[in-house]
>>> print(open('work15.pdb').read())   # PDB, C-alpha atoms, pLDDT in the B column
ATOM      1  CA  LEU A   1      -9.074 -16.375  -9.891  1.00 52.00           C
ATOM      2  CA  ASP A   2      -8.255 -16.463  -6.190  1.00 63.00           C
ATOM      3  CA  PRO A   3     -10.572 -13.950  -4.421  1.00 59.00           C
ATOM      4  CA  ALA A   4      -7.933 -13.447  -1.722  1.00 63.00           C
ATOM      5  CA  ALA A   5      -5.567 -12.085  -4.378  1.00 61.00           C
ATOM      6  CA  LEU A   6      -7.931  -9.400  -5.666  1.00 62.00           C
ATOM      7  CA  GLY A   7      -6.205  -6.048  -5.576  1.00 67.00           C
ATOM      8  CA  GLU A   8      -2.793  -7.661  -5.216  1.00 69.00           C
ATOM      9  CA  VAL A   9      -0.090  -6.405  -7.524  1.00 73.00           C
ATOM     10  CA  ARG A  10       3.460  -7.701  -7.665  1.00 78.00           C
ATOM     11  CA  VAL A  11       6.057  -5.851  -9.697  1.00 82.00           C
ATOM     12  CA  SER A  12       9.273  -7.758 -10.202  1.00 90.00           C
ATOM     13  CA  GLY A  13      11.139  -5.258 -12.353  1.00 92.00           C
ATOM     14  CA  THR A  14      11.654  -1.569 -12.842  1.00 91.00           C
ATOM     15  CA  VAL A  15       8.700   0.486 -14.045  1.00 86.00           C
ATOM     16  CA  ALA A  16       9.438   3.729 -15.848  1.00 88.00           C
ATOM     17  CA  LEU A  17       7.796   6.720 -14.196  1.00 83.00           C
ATOM     18  CA  GLY A  18       6.346   7.637 -17.582  1.00 85.00           C
ATOM     19  CA  LYS A  19       4.166   4.512 -17.335  1.00 88.00           C
ATOM     20  CA  ALA A  20       2.621   5.649 -14.037  1.00 86.00           C
ATOM     21  CA  ALA A  21      -0.663   7.543 -13.943  1.00 88.00           C
ATOM     22  CA  ALA A  22      -0.548   8.347 -10.226  1.00 89.00           C
ATOM     23  CA  VAL A  23       1.135   7.451  -6.961  1.00 88.00           C
ATOM     24  CA  HIS A  24      -0.522   6.457  -3.703  1.00 87.00           C
ATOM     25  CA  VAL A  25       1.007   7.283  -0.332  1.00 87.00           C
ATOM     26  CA  ASP A  26       0.093   6.467   3.246  1.00 87.00           C
ATOM     27  CA  LEU A  27       0.288   9.140   5.905  1.00 86.00           C
ATOM     28  CA  GLY A  28       3.016   8.609   8.477  1.00 85.00           C
ATOM     29  CA  ASP A  29       0.521   7.404  11.080  1.00 87.00           C
ATOM     30  CA  ALA A  30      -0.143   4.310   8.954  1.00 90.00           C
ATOM     31  CA  GLU A  31       3.452   3.090   9.133  1.00 90.00           C
ATOM     32  CA  GLY A  32       3.075   0.952  12.260  1.00 91.00           C
ATOM     33  CA  ASP A  33      -0.151  -0.672  11.088  1.00 92.00           C
ATOM     34  CA  ALA A  34       1.215  -1.316   7.588  1.00 90.00           C
ATOM     35  CA  SER A  35       4.392  -2.863   8.976  1.00 91.00           C
ATOM     36  CA  ALA A  36       2.443  -5.055  11.402  1.00 94.00           C
ATOM     37  CA  ALA A  37       0.122  -6.125   8.574  1.00 92.00           C
ATOM     38  CA  ALA A  38       3.064  -7.111   6.374  1.00 91.00           C
ATOM     39  CA  ASP A  39       4.480  -9.205   9.231  1.00 94.00           C
ATOM     40  CA  ALA A  40       1.079 -10.817   9.935  1.00 94.00           C
ATOM     41  CA  LEU A  41       0.186 -11.569   6.311  1.00 91.00           C
ATOM     42  CA  PRO A  42       1.698 -15.085   6.122  1.00 92.00           C
ATOM     43  CA  ALA A  43      -0.233 -16.190   9.233  1.00 95.00           C
ATOM     44  CA  ALA A  44      -3.406 -14.526   7.956  1.00 93.00           C
ATOM     45  CA  ASP A  45      -3.025 -16.424   4.680  1.00 90.00           C
ATOM     46  CA  ARG A  46      -2.899 -19.644   6.741  1.00 93.00           C
ATOM     47  CA  GLY A  47      -6.237 -18.763   8.366  1.00 94.00           C
ATOM     48  CA  ASP A  48      -5.081 -17.183  11.649  1.00 96.00           C
ATOM     49  CA  ASP A  49      -7.990 -14.920  12.680  1.00 96.00           C
ATOM     50  CA  ASP A  50      -5.857 -12.728  14.952  1.00 96.00           C
ATOM     51  CA  ALA A  51      -3.371 -12.138  12.150  1.00 95.00           C
ATOM     52  CA  GLN A  52      -6.229 -11.354   9.761  1.00 95.00           C
ATOM     53  CA  PHE A  53      -7.476  -8.755  12.237  1.00 95.00           C
ATOM     54  CA  VAL A  54      -4.044  -7.077  12.131  1.00 95.00           C
ATOM     55  CA  VAL A  55      -4.027  -7.145   8.317  1.00 92.00           C
ATOM     56  CA  ASP A  56      -7.539  -5.712   8.185  1.00 91.00           C
ATOM     57  CA  GLY A  57      -6.464  -2.908  10.515  1.00 90.00           C
ATOM     58  CA  ALA A  58      -4.087  -1.574   7.872  1.00 89.00           C
ATOM     59  CA  GLU A  59      -7.067  -1.072   5.576  1.00 85.00           C
ATOM     60  CA  ASP A  60      -8.452   1.560   7.954  1.00 85.00           C
ATOM     61  CA  HIS A  61      -5.923   4.027   6.564  1.00 87.00           C
ATOM     62  CA  GLU A  62      -6.880   5.762   3.332  1.00 86.00           C
ATOM     63  CA  LEU A  63      -4.211   6.121   0.677  1.00 86.00           C
ATOM     64  CA  LEU A  64      -3.534   9.625  -0.559  1.00 89.00           C
ATOM     65  CA  TRP A  65      -3.588  10.014  -4.347  1.00 91.00           C
ATOM     66  CA  TYR A  66      -1.072  12.192  -6.180  1.00 92.00           C
ATOM     67  CA  ALA A  67      -0.591  12.897  -9.876  1.00 92.00           C
ATOM     68  CA  THR A  68       2.886  12.049 -11.155  1.00 88.00           C
ATOM     69  CA  GLN A  69       3.790  15.726 -11.577  1.00 89.00           C
ATOM     70  CA  GLU A  70       3.405  16.095  -7.794  1.00 90.00           C
ATOM     71  CA  ILE A  71       6.139  13.535  -7.016  1.00 86.00           C
ATOM     72  CA  PRO A  72       8.933  16.148  -6.755  1.00 85.00           C
ATOM     73  CA  ASN A  73       6.990  17.838  -3.957  1.00 87.00           C
ATOM     74  CA  LEU A  74       6.489  14.503  -2.187  1.00 85.00           C
ATOM     75  CA  VAL A  75      10.172  13.616  -2.180  1.00 79.00           C
ATOM     76  CA  GLY A  76      11.498  17.127  -1.590  1.00 77.00           C
ATOM     77  CA  LEU A  77      12.933  17.748  -5.051  1.00 70.00           C
ATOM     78  CA  ALA A  78      10.708  20.693  -5.970  1.00 67.00           C
ATOM     79  CA  ASP A  79      12.406  23.975  -6.722  1.00 65.00           C
TER      80      ASP A  79
END
>>> encode(input="work15.pdb", output="structure tokens")
Amino acid sequence: LDPAALGEVRVSGTVALGKAAAVHVDLGDAEGDASAAADALPAADRGDDDAQFVVDGAEDHELLWYATQEIPNLVGLAD
């Protein structure tokens, strides 16, 4: 097992919402850091310390946890 891949999940197909137990969402202020981290990830994987610093910075944002029944409120579909 590659320790660098711990916590990594790749989903290549559609997952039915009924299979989900929860959803995790970043606050809007995380968008810039998350985007920069995604761009820096290939260089960080090659050992670039500056890029790794950018990737690590995205981890400073805590993910919000929501139960699946709260999704309509998150996406504005609640009555």
>>> resolve_selection(input="work15.pdb", expression="the PyMOL selection byres ((chain A and resi 13-29) around 12)", output="list in words")
Arg10, Val11, Ser12, Ala30, Glu31, Gly32, Asp33, Ala34, Ser35, Ala58, Glu59, Asp60, His61, Glu62, Leu63, Leu64, Trp65, Tyr66, Ala67, Thr68, Gln69, Glu70, Ile71, Pro72, Leu74 and Val75 of chain A
>>> atom_distance(input="work15.pdb", atom1="CA of Asp56 (chain A)", atom2="CA of Ala37 (chain A)")
7.7 Å
>>> atom_distance(input="work15.pdb", atom1="CA of Val55 (chain A)", atom2="CA of Ala40 (chain A)")
6.5 Å
>>> axis_aligned_box(input="work15.pdb", around="region 44-58 of chain A", padding_each_side="8 Å", output="AutoDock Vina command-line options")
--center_x -5.4 --center_y -10.6 --center_z 9.8 --size_x 21.1 --size_y 34.1 --size_z 26.3
>>> decode(input="work15.pdb", residues="region 35-51 of chain A", atoms="all heavy atoms", output="short mmCIF file (atom, residue, chain, number, x, y, z; two decimals), in the first residue's frame")
data_model
loop_
_atom_site.label_atom_id
_atom_site.label_comp_id
_atom_site.auth_asym_id
_atom_site.auth_seq_id
_atom_site.Cartn_x
_atom_site.Cartn_y
_atom_site.Cartn_z
N SER A 35 -8.37 24.62 -5.33
CA SER A 35 -8.02 24.70 -6.75
C SER A 35 -6.50 24.74 -6.95
O SER A 35 -5.95 24.04 -7.80
CB SER A 35 -8.67 25.93 -7.37
OG SER A 35 -8.35 26.02 -8.73
N ALA A 36 -5.83 25.55 -6.13
CA ALA A 36 -4.36 25.62 -6.22
C ALA A 36 -3.73 24.28 -5.87
O ALA A 36 -2.75 23.86 -6.50
CB ALA A 36 -3.85 26.72 -5.29
N ALA A 37 -4.30 23.59 -4.88
CA ALA A 37 -3.77 22.28 -4.49
C ALA A 37 -3.93 21.27 -5.62
O ALA A 37 -3.02 20.48 -5.89
CB ALA A 37 -4.46 21.79 -3.22
N ALA A 38 -5.09 21.28 -6.28
CA ALA A 38 -5.30 20.37 -7.40
C ALA A 38 -4.29 20.63 -8.51
O ALA A 38 -3.75 19.69 -9.11
CB ALA A 38 -6.73 20.50 -7.92
N ASP A 39 -4.01 21.90 -8.78
CA ASP A 39 -3.03 22.25 -9.82
C ASP A 39 -1.61 21.85 -9.41
O ASP A 39 -0.80 21.47 -10.25
CB ASP A 39 -3.06 23.76 -10.10
CG ASP A 39 -4.35 24.21 -10.78
OD1 ASP A 39 -5.07 23.35 -11.34
OD2 ASP A 39 -4.63 25.42 -10.74
N ALA A 40 -1.30 21.93 -8.11
CA ALA A 40 0.05 21.65 -7.62
C ALA A 40 0.30 20.17 -7.37
O ALA A 40 1.45 19.76 -7.21
CB ALA A 40 0.30 22.44 -6.34
N LEU A 41 -0.73 19.36 -7.33
CA LEU A 41 -0.59 17.96 -6.95
C LEU A 41 0.41 17.18 -7.81
O LEU A 41 1.24 16.44 -7.26
CB LEU A 41 -1.96 17.28 -6.95
CG LEU A 41 -2.02 15.92 -6.30
CD1 LEU A 41 -1.51 15.95 -4.87
CD2 LEU A 41 -3.45 15.40 -6.34
N PRO A 42 0.39 17.31 -9.14
CA PRO A 42 1.37 16.55 -9.92
C PRO A 42 2.82 16.88 -9.54
O PRO A 42 3.66 15.98 -9.40
CB PRO A 42 1.08 16.94 -11.37
CG PRO A 42 -0.36 17.35 -11.36
CD PRO A 42 -0.56 18.01 -10.02
N ALA A 43 3.13 18.15 -9.33
CA ALA A 43 4.48 18.54 -8.94
C ALA A 43 4.80 18.05 -7.53
O ALA A 43 5.92 17.61 -7.27
CB ALA A 43 4.65 20.06 -9.03
N ALA A 44 3.82 18.10 -6.64
CA ALA A 44 4.04 17.60 -5.28
C ALA A 44 4.33 16.11 -5.31
O ALA A 44 5.20 15.63 -4.58
CB ALA A 44 2.82 17.90 -4.42
N ASP A 45 3.63 15.38 -6.16
CA ASP A 45 3.87 13.94 -6.30
C ASP A 45 5.27 13.64 -6.81
O ASP A 45 5.82 12.57 -6.55
CB ASP A 45 2.84 13.30 -7.22
CG ASP A 45 1.48 13.12 -6.57
OD1 ASP A 45 1.39 13.22 -5.32
OD2 ASP A 45 0.50 12.89 -7.30
N ARG A 46 5.86 14.60 -7.55
CA ARG A 46 7.23 14.43 -8.05
C ARG A 46 8.27 14.90 -7.04
O ARG A 46 9.46 14.90 -7.33
CB ARG A 46 7.40 15.19 -9.37
CG ARG A 46 6.62 14.59 -10.53
CD ARG A 46 6.99 15.22 -11.87
NE ARG A 46 6.79 16.66 -11.90
CZ ARG A 46 5.65 17.27 -12.24
NH1 ARG A 46 4.60 16.56 -12.58
NH2 ARG A 46 5.57 18.59 -12.25
N GLY A 47 7.83 15.34 -5.86
CA GLY A 47 8.77 15.72 -4.81
C GLY A 47 9.04 17.21 -4.67
O GLY A 47 9.93 17.60 -3.92
N ASP A 48 8.31 18.05 -5.38
CA ASP A 48 8.50 19.50 -5.30
C ASP A 48 7.98 19.99 -3.94
O ASP A 48 6.79 19.92 -3.66
CB ASP A 48 7.74 20.17 -6.44
CG ASP A 48 7.91 21.68 -6.48
OD1 ASP A 48 7.83 22.33 -5.42
OD2 ASP A 48 8.11 22.21 -7.59
N ASP A 49 8.88 20.48 -3.09
CA ASP A 49 8.50 20.91 -1.74
C ASP A 49 7.56 22.11 -1.75
O ASP A 49 6.66 22.19 -0.91
CB ASP A 49 9.75 21.25 -0.92
CG ASP A 49 10.55 20.02 -0.54
OD1 ASP A 49 9.97 18.91 -0.51
OD2 ASP A 49 11.76 20.16 -0.29
N ASP A 50 7.76 23.05 -2.67
CA ASP A 50 6.87 24.21 -2.74
C ASP A 50 5.46 23.78 -3.12
O ASP A 50 4.47 24.27 -2.55
CB ASP A 50 7.39 25.25 -3.74
CG ASP A 50 8.67 25.92 -3.27
OD1 ASP A 50 8.87 26.01 -2.03
OD2 ASP A 50 9.45 26.36 -4.13
N ALA A 51 5.36 22.86 -4.06
CA ALA A 51 4.05 22.36 -4.47
C ALA A 51 3.40 21.59 -3.32
O ALA A 51 2.19 21.71 -3.09
CB ALA A 51 4.18 21.48 -5.70
#
